[in-house]
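A.B. asks: Data: data-v7.tsv, TSV, C-alpha atoms.
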```
chain	number	residue	atom	x	y	z
A	1	MET	CA	22.95	4.21	9.41
A	2	ALA	CA	19.19	4.91	9.60
A	3	ASP	CA	16.99	2.24	11.15
A	4	GLU	CA	15.31	1.61	7.80
A	5	GLU	CA	18.70	0.89	6.21
A	6	ARG	CA	19.70	-1.73	8.78
A	7	GLN	CA	18.82	-5.32	7.99
A	8	ILE	CA	18.65	-6.44	11.62
A	9	LYS	CA	17.67	-4.74	14.86
A	10	SER	CA	19.28	-7.30	17.13
A	11	LYS	CA	20.67	-10.82	17.06
A	12	GLU	CA	18.01	-11.79	19.60
A	13	ARG	CA	15.20	-10.75	17.26
A	14	VAL	CA	16.77	-12.70	14.43
A	15	ARG	CA	17.11	-15.75	16.65
A	16	GLU	CA	13.62	-15.51	18.21
A	17	ARG	CA	11.56	-14.34	15.23
A	18	GLY	CA	13.78	-14.63	12.17
A	19	GLU	CA	13.47	-10.88	11.74
A	20	VAL	CA	15.63	-9.63	8.87
A	21	PHE	CA	14.70	-6.53	6.91
A	22	THR	CA	14.95	-6.32	3.12
A	23	ALA	CA	17.51	-3.80	1.88
A	24	ALA	CA	16.40	-0.92	-0.36
A	25	ARG	CA	18.25	-2.34	-3.37
A	26	GLU	CA	16.29	-5.61	-3.19
A	27	VAL	CA	13.01	-3.81	-2.44
A	28	ASN	CA	13.39	-1.68	-5.56
A	29	ALA	CA	14.48	-4.61	-7.73
A	30	MET	CA	11.46	-6.66	-6.67
A	31	LEU	CA	9.01	-3.77	-7.03
A	32	ASP	CA	10.43	-2.99	-10.47
A	33	LEU	CA	9.17	-6.44	-11.51
A	34	VAL	CA	5.62	-5.17	-10.91
A	35	LYS	CA	6.32	-1.54	-11.81
A	36	ASP	CA	2.95	-0.92	-13.48
A	37	GLU	CA	1.09	-2.00	-10.34
A	38	THR	CA	3.29	0.10	-8.05
A	39	GLU	CA	2.37	3.13	-10.14
A	40	ASN	CA	-1.35	2.31	-10.16
A	41	ILE	CA	-2.97	4.49	-7.49
A	42	ASP	CA	-5.83	1.96	-7.08
A	43	ALA	CA	-3.69	-1.21	-6.88
A	44	THR	CA	-3.82	-2.93	-3.49
A	45	PHE	CA	-0.69	-4.20	-1.74
A	46	LEU	CA	-0.55	-6.50	1.28
A	47	GLU	CA	2.76	-7.10	3.04
A	48	PRO	CA	2.23	-10.04	5.44
A	49	ALA	CA	5.50	-9.42	7.30
A	50	CYS	CA	5.78	-5.66	6.83
A	51	GLY	CA	8.40	-4.91	9.46
A	52	THR	CA	8.96	-1.17	9.48
A	53	GLY	CA	7.52	-0.79	6.00
A	54	ASN	CA	10.40	-1.07	3.53
A	55	PHE	CA	8.15	-2.38	0.73
A	56	LEU	CA	5.03	-0.40	1.63
A	57	ASP	CA	6.95	2.86	1.95
A	58	GLU	CA	8.50	2.45	-1.50
A	59	VAL	CA	5.14	1.53	-3.04
A	60	LEU	CA	3.65	4.66	-1.44
A	61	ARG	CA	6.49	6.81	-2.79
A	62	ARG	CA	5.87	5.50	-6.29
A	63	LYS	CA	2.12	6.05	-6.04
A	64	LEU	CA	2.64	9.57	-4.68
A	65	ALA	CA	4.95	10.37	-7.59
A	66	VAL	CA	2.08	9.46	-9.93
A	67	CYS	CA	-0.29	11.63	-7.87
A	68	GLN	CA	2.17	14.51	-8.13
A	69	LYS	CA	2.45	14.12	-11.88
A	70	ARG	CA	-1.31	13.84	-12.48
A	71	TYR	CA	-2.81	16.03	-9.74
A	72	GLY	CA	0.03	18.21	-8.46
A	73	LYS	CA	-1.50	21.45	-9.65
A	74	SER	CA	-4.51	21.15	-7.35
A	75	ALA	CA	-4.07	20.71	-3.59
A	76	ALA	CA	-7.59	19.29	-3.25
A	77	ASP	CA	-7.11	16.75	-6.06
A	78	TYR	CA	-3.66	15.83	-4.81
A	79	GLU	CA	-5.01	15.25	-1.29
A	80	LYS	CA	-7.89	13.13	-2.58
A	81	PHE	CA	-5.78	10.87	-4.77
A	82	SER	CA	-2.81	10.67	-2.41
A	83	PHE	CA	-5.28	9.68	0.28
A	84	LEU	CA	-6.68	7.02	-2.05
A	85	ALA	CA	-3.13	5.71	-2.57
A	86	CYS	CA	-2.75	5.38	1.21
A	87	THR	CA	-5.94	3.32	1.48
A	88	THR	CA	-4.50	0.66	-0.82
A	89	LEU	CA	-1.60	-0.33	1.46
A	90	TYR	CA	-1.99	-3.09	4.04
A	91	GLY	CA	0.52	-4.70	6.34
A	92	VAL	CA	0.79	-7.18	9.19
A	93	ASP	CA	3.69	-7.66	11.57
A	94	ILE	CA	4.05	-9.64	14.75
A	95	MET	CA	6.23	-7.04	16.49
A	96	ALA	CA	4.42	-4.03	17.98
A	97	ASP	CA	7.35	-1.65	17.54
A	98	ASN	CA	7.55	-2.52	13.84
A	99	VAL	CA	3.83	-1.87	13.37
A	100	GLU	CA	4.08	1.51	15.07
A	101	ARG	CA	7.17	2.51	13.08
A	102	CYS	CA	5.59	1.37	9.81
A	103	ARG	CA	2.51	3.51	10.45
A	104	GLU	CA	4.66	6.52	11.37
A	105	ARG	CA	6.92	6.03	8.38
A	106	LEU	CA	4.05	5.82	5.88
A	107	TYR	CA	2.44	8.91	7.38
A	108	GLU	CA	5.76	10.80	7.27
A	109	THR	CA	6.16	9.86	3.60
A	110	TRP	CA	2.65	11.05	2.78
A	111	GLU	CA	3.05	14.29	4.75
A	112	ALA	CA	6.45	15.04	3.23
A	113	SER	CA	5.08	14.44	-0.25
A	114	PHE	CA	2.16	16.76	0.35
A	115	GLY	CA	4.46	19.31	1.94
A	116	THR	CA	6.80	19.46	-1.02
A	117	THR	CA	3.87	19.76	-3.40
A	118	HIS	CA	1.47	22.11	-1.63
A	119	ARG	CA	3.04	24.33	1.00
A	120	THR	CA	3.16	28.06	0.90
A	121	VAL	CA	6.02	30.03	2.33
A	122	ALA	CA	5.28	32.85	4.73
A	123	VAL	CA	7.41	34.95	7.03
A	124	SER	CA	6.13	35.19	10.59
A	125	ALA	CA	6.41	38.24	12.86
A	126	THR	CA	9.68	36.84	14.18
A	127	GLY	CA	11.09	36.53	10.67
A	128	VAL	CA	10.86	32.73	10.62
A	129	VAL	CA	9.91	31.14	7.33
A	130	THR	CA	7.01	28.77	7.84
A	131	GLY	CA	5.09	26.42	5.61
A	132	ALA	CA	1.34	26.14	5.73
A	133	PRO	CA	-0.87	23.77	3.80
A	134	ARG	CA	-2.72	25.46	0.96
A	135	SER	CA	-5.75	23.25	1.42
A	136	ASP	CA	-8.28	24.29	4.06
A	137	PHE	CA	-9.07	20.69	4.81
A	138	HIS	CA	-5.48	19.44	5.12
A	139	ASP	CA	-5.76	18.83	8.88
A	140	ARG	CA	-8.81	16.62	8.35
A	141	VAL	CA	-7.16	14.70	5.52
A	142	SER	CA	-4.01	14.33	7.61
A	143	ALA	CA	-6.01	12.85	10.51
A	144	ALA	CA	-7.81	10.54	8.06
A	145	VAL	CA	-4.49	9.31	6.63
A	146	LYS	CA	-3.30	8.48	10.15
A	147	LYS	CA	-6.55	6.60	10.80
A	148	VAL	CA	-6.19	4.63	7.56
A	149	PHE	CA	-2.69	3.50	8.54
A	150	GLU	CA	-3.96	2.61	12.02
A	151	LYS	CA	-6.61	0.37	10.42
A	152	ASN	CA	-4.44	-0.98	7.59
A	153	ILE	CA	-1.16	-1.77	9.38
A	154	LEU	CA	-2.00	-4.37	11.98
A	155	LEU	CA	-0.31	-6.22	14.80
A	156	GLY	CA	-0.82	-9.87	14.01
A	157	ASN	CA	0.51	-13.24	12.97
A	158	ALA	CA	0.13	-13.61	9.21
A	159	LEU	CA	0.71	-17.36	9.46
A	160	SER	CA	-2.24	-17.98	11.81
A	161	MET	CA	-4.23	-14.96	10.53
A	162	LYS	CA	-4.82	-13.96	14.17
A	163	ARG	CA	-4.19	-10.70	16.00
A	164	VAL	CA	-1.48	-10.96	18.64
A	165	ASP	CA	-0.82	-9.41	22.04
A	166	GLU	CA	2.28	-7.40	22.95
A	167	LYS	CA	4.17	-10.66	23.61
A	168	GLN	CA	3.39	-11.99	20.12
A	169	ASN	CA	0.90	-14.57	21.42
A	170	ASP	CA	-2.06	-15.32	19.15
A	171	LEU	CA	-5.41	-14.00	20.31
A	172	ASP	CA	-8.81	-15.43	19.38
A	173	GLU	CA	-9.35	-12.39	17.18
A	174	PRO	CA	-8.85	-12.78	13.40
A	175	ILE	CA	-6.95	-10.26	11.34
A	176	VAL	CA	-9.62	-8.17	9.61
A	177	PHE	CA	-8.91	-5.32	7.23
A	178	THR	CA	-11.07	-2.39	6.24
A	179	GLU	CA	-11.71	-1.86	2.55
A	180	TRP	CA	-11.82	1.80	1.55
A	181	LYS	CA	-13.71	3.08	-1.48
A	182	PHE	CA	-14.87	6.49	-2.62
A	183	ALA	CA	-18.61	6.74	-3.06
A	184	LEU	CA	-20.62	9.74	-4.17
A	185	GLY	CA	-17.58	11.72	-5.23
A	186	ASP	CA	-15.46	12.56	-2.19
A	187	LYS	CA	-17.30	10.50	0.43
A	188	LEU	CA	-15.35	7.54	1.74
```
Translate this file's structure into structure tokens.
C.D. replies:
Amino acid sequence: MADEERQIKSKERVRERGEVFTAAREVNAMLDLVKDETENIDATFLEPACGTGNFLDEVLRRKLAVCQKRYGKSAADYEKFSFLACTTLYGVDIMADNVERCRERLYETWEASFGTTHRTVAVSATGVVTGAPRSDFHDRVSAAVKKVFEKNILLGNALSMKRVDEKQNDLDEPIVFTEWKFALGDKL
């Protein structure tokens, strides 16, 4: 069973932090209640106990499906609007490993979506089939997506609204999010 399919990591984490992950069936049922918003590329979502990203990952998948439908014929347009979808997702978790996995998972979902939409197939000198992004600026967009998730998925205590250290102790630093908006066309 994949980590994202398990509802608990350990009995100790349940006992110490009450950590229980929401199963995919419940995630989808709850998100279906706000289906129009999950398919709105501009709609903002905040998950105050994001864990490894079960809700945020599904919201991103739904937004990326809309991007594919609307902008899938143009790599540049798809990158711009899929990037915009990434900027609308925010999460907080008190466990550092969850925050790291959530960031990785969201990036993997974005990259896989782009890859299935805009990769070319080429045969290398060794006969290996490789995929290469069609967009010249894919590497820059990819780095920007990683940076967005670094800024939007934070280690913190959503109850106290404070950042936390690696031992889940509140710091004197408030949780502060970055708001992302396009200005002057493609400038962020």
A.B. asks: Looking at A:Arg6, A:Lys181, A:Arg17, A:Lys187, which one is nearest to Thr44 of chain A, with distances taken over all atoms listed in the file?
C.D. replies: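 Smallest separation from Thr44 of chain A among the options: A:Lys181.
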A.B. asks: What is the atom CA of Ala23 of chain A-atom CA of Thr87 of chain A distance in Å, reported with one decimal?
C.D. replies: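 Computed distance, atom CA of Ala23 of chain A to atom CA of Thr87 of chain A, equals 24.5 Å.
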A.B. asks: Take atom CA of Gln168 of chain A and atom CA of Thr52 of chain A and report the distance between them in Å, one decimal.
C.D. replies: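 Computing the Euclidean distance for atom CA of Gln168 of chain A and atom CA of Thr52 of chain A yields 16.2 Å.
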A.B. asks: Place a sphere of radius 12 Å on (-6.0, 10.6, 7.4) in the file coordinates and name every protein, DNA or RNA residue with an atom inside or on its surface, counting only C-alpha atoms; give the answer as an MDAnalysis selection string.
C.D. replies: chainID A and resid 79:80 82:87 103 106:108 110:111 137:152 188
A.B. asks: Please measure the separation of atom CA of Val20 of chain A and atom CA of Pro48 of chain A, giving the value in Å to one decimal.
C.D. replies: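 Atom-to-atom, atom CA of Val20 of chain A to atom CA of Pro48 of chain A, that is 13.8 Å.
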A.B. asks: Leaving out Leu159 of chain A and any residue of its chain fewer than 4 positions from it, which residues lie within 12 Å of it when counting only C-alpha atoms, given as number ranges by chain?
C.D. replies: A: 48-49, 92-94, 163-164, 170, 174-175
A.B. asks: Counting all atoms listed in the file, find the residues whose atoms lie at most 6 Å from (1.1, -4.1, 16.8) (file coordinates) and write them out as a PyMOL selection string.
C.D. replies: chain A and resi 95-96+99+154-155
A.B. asks: Taking into account only C-alpha atoms, which residue in the set A:Lys9, A:Lys69, A:Asn40, A:Thr178 is nearest to Asn98 of chain A?
C.D. replies: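 For Asn98 of chain A, the nearest of the given residues is A:Lys9.
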A.B. asks: Taking into account all atoms listed in the file, which residue in the set A:Gln7, A:Glu47, A:Phe114, A:Phe55 is nearest to Met30 of chain A?
C.D. replies: A:Phe55
A.B. asks: Which of these residues is nearest to Glu39 of chain A, using only C-alpha atoms: A:Ser113, A:Asn54, A:Gln68, A:Thr22?
C.D. replies: A:Gln68
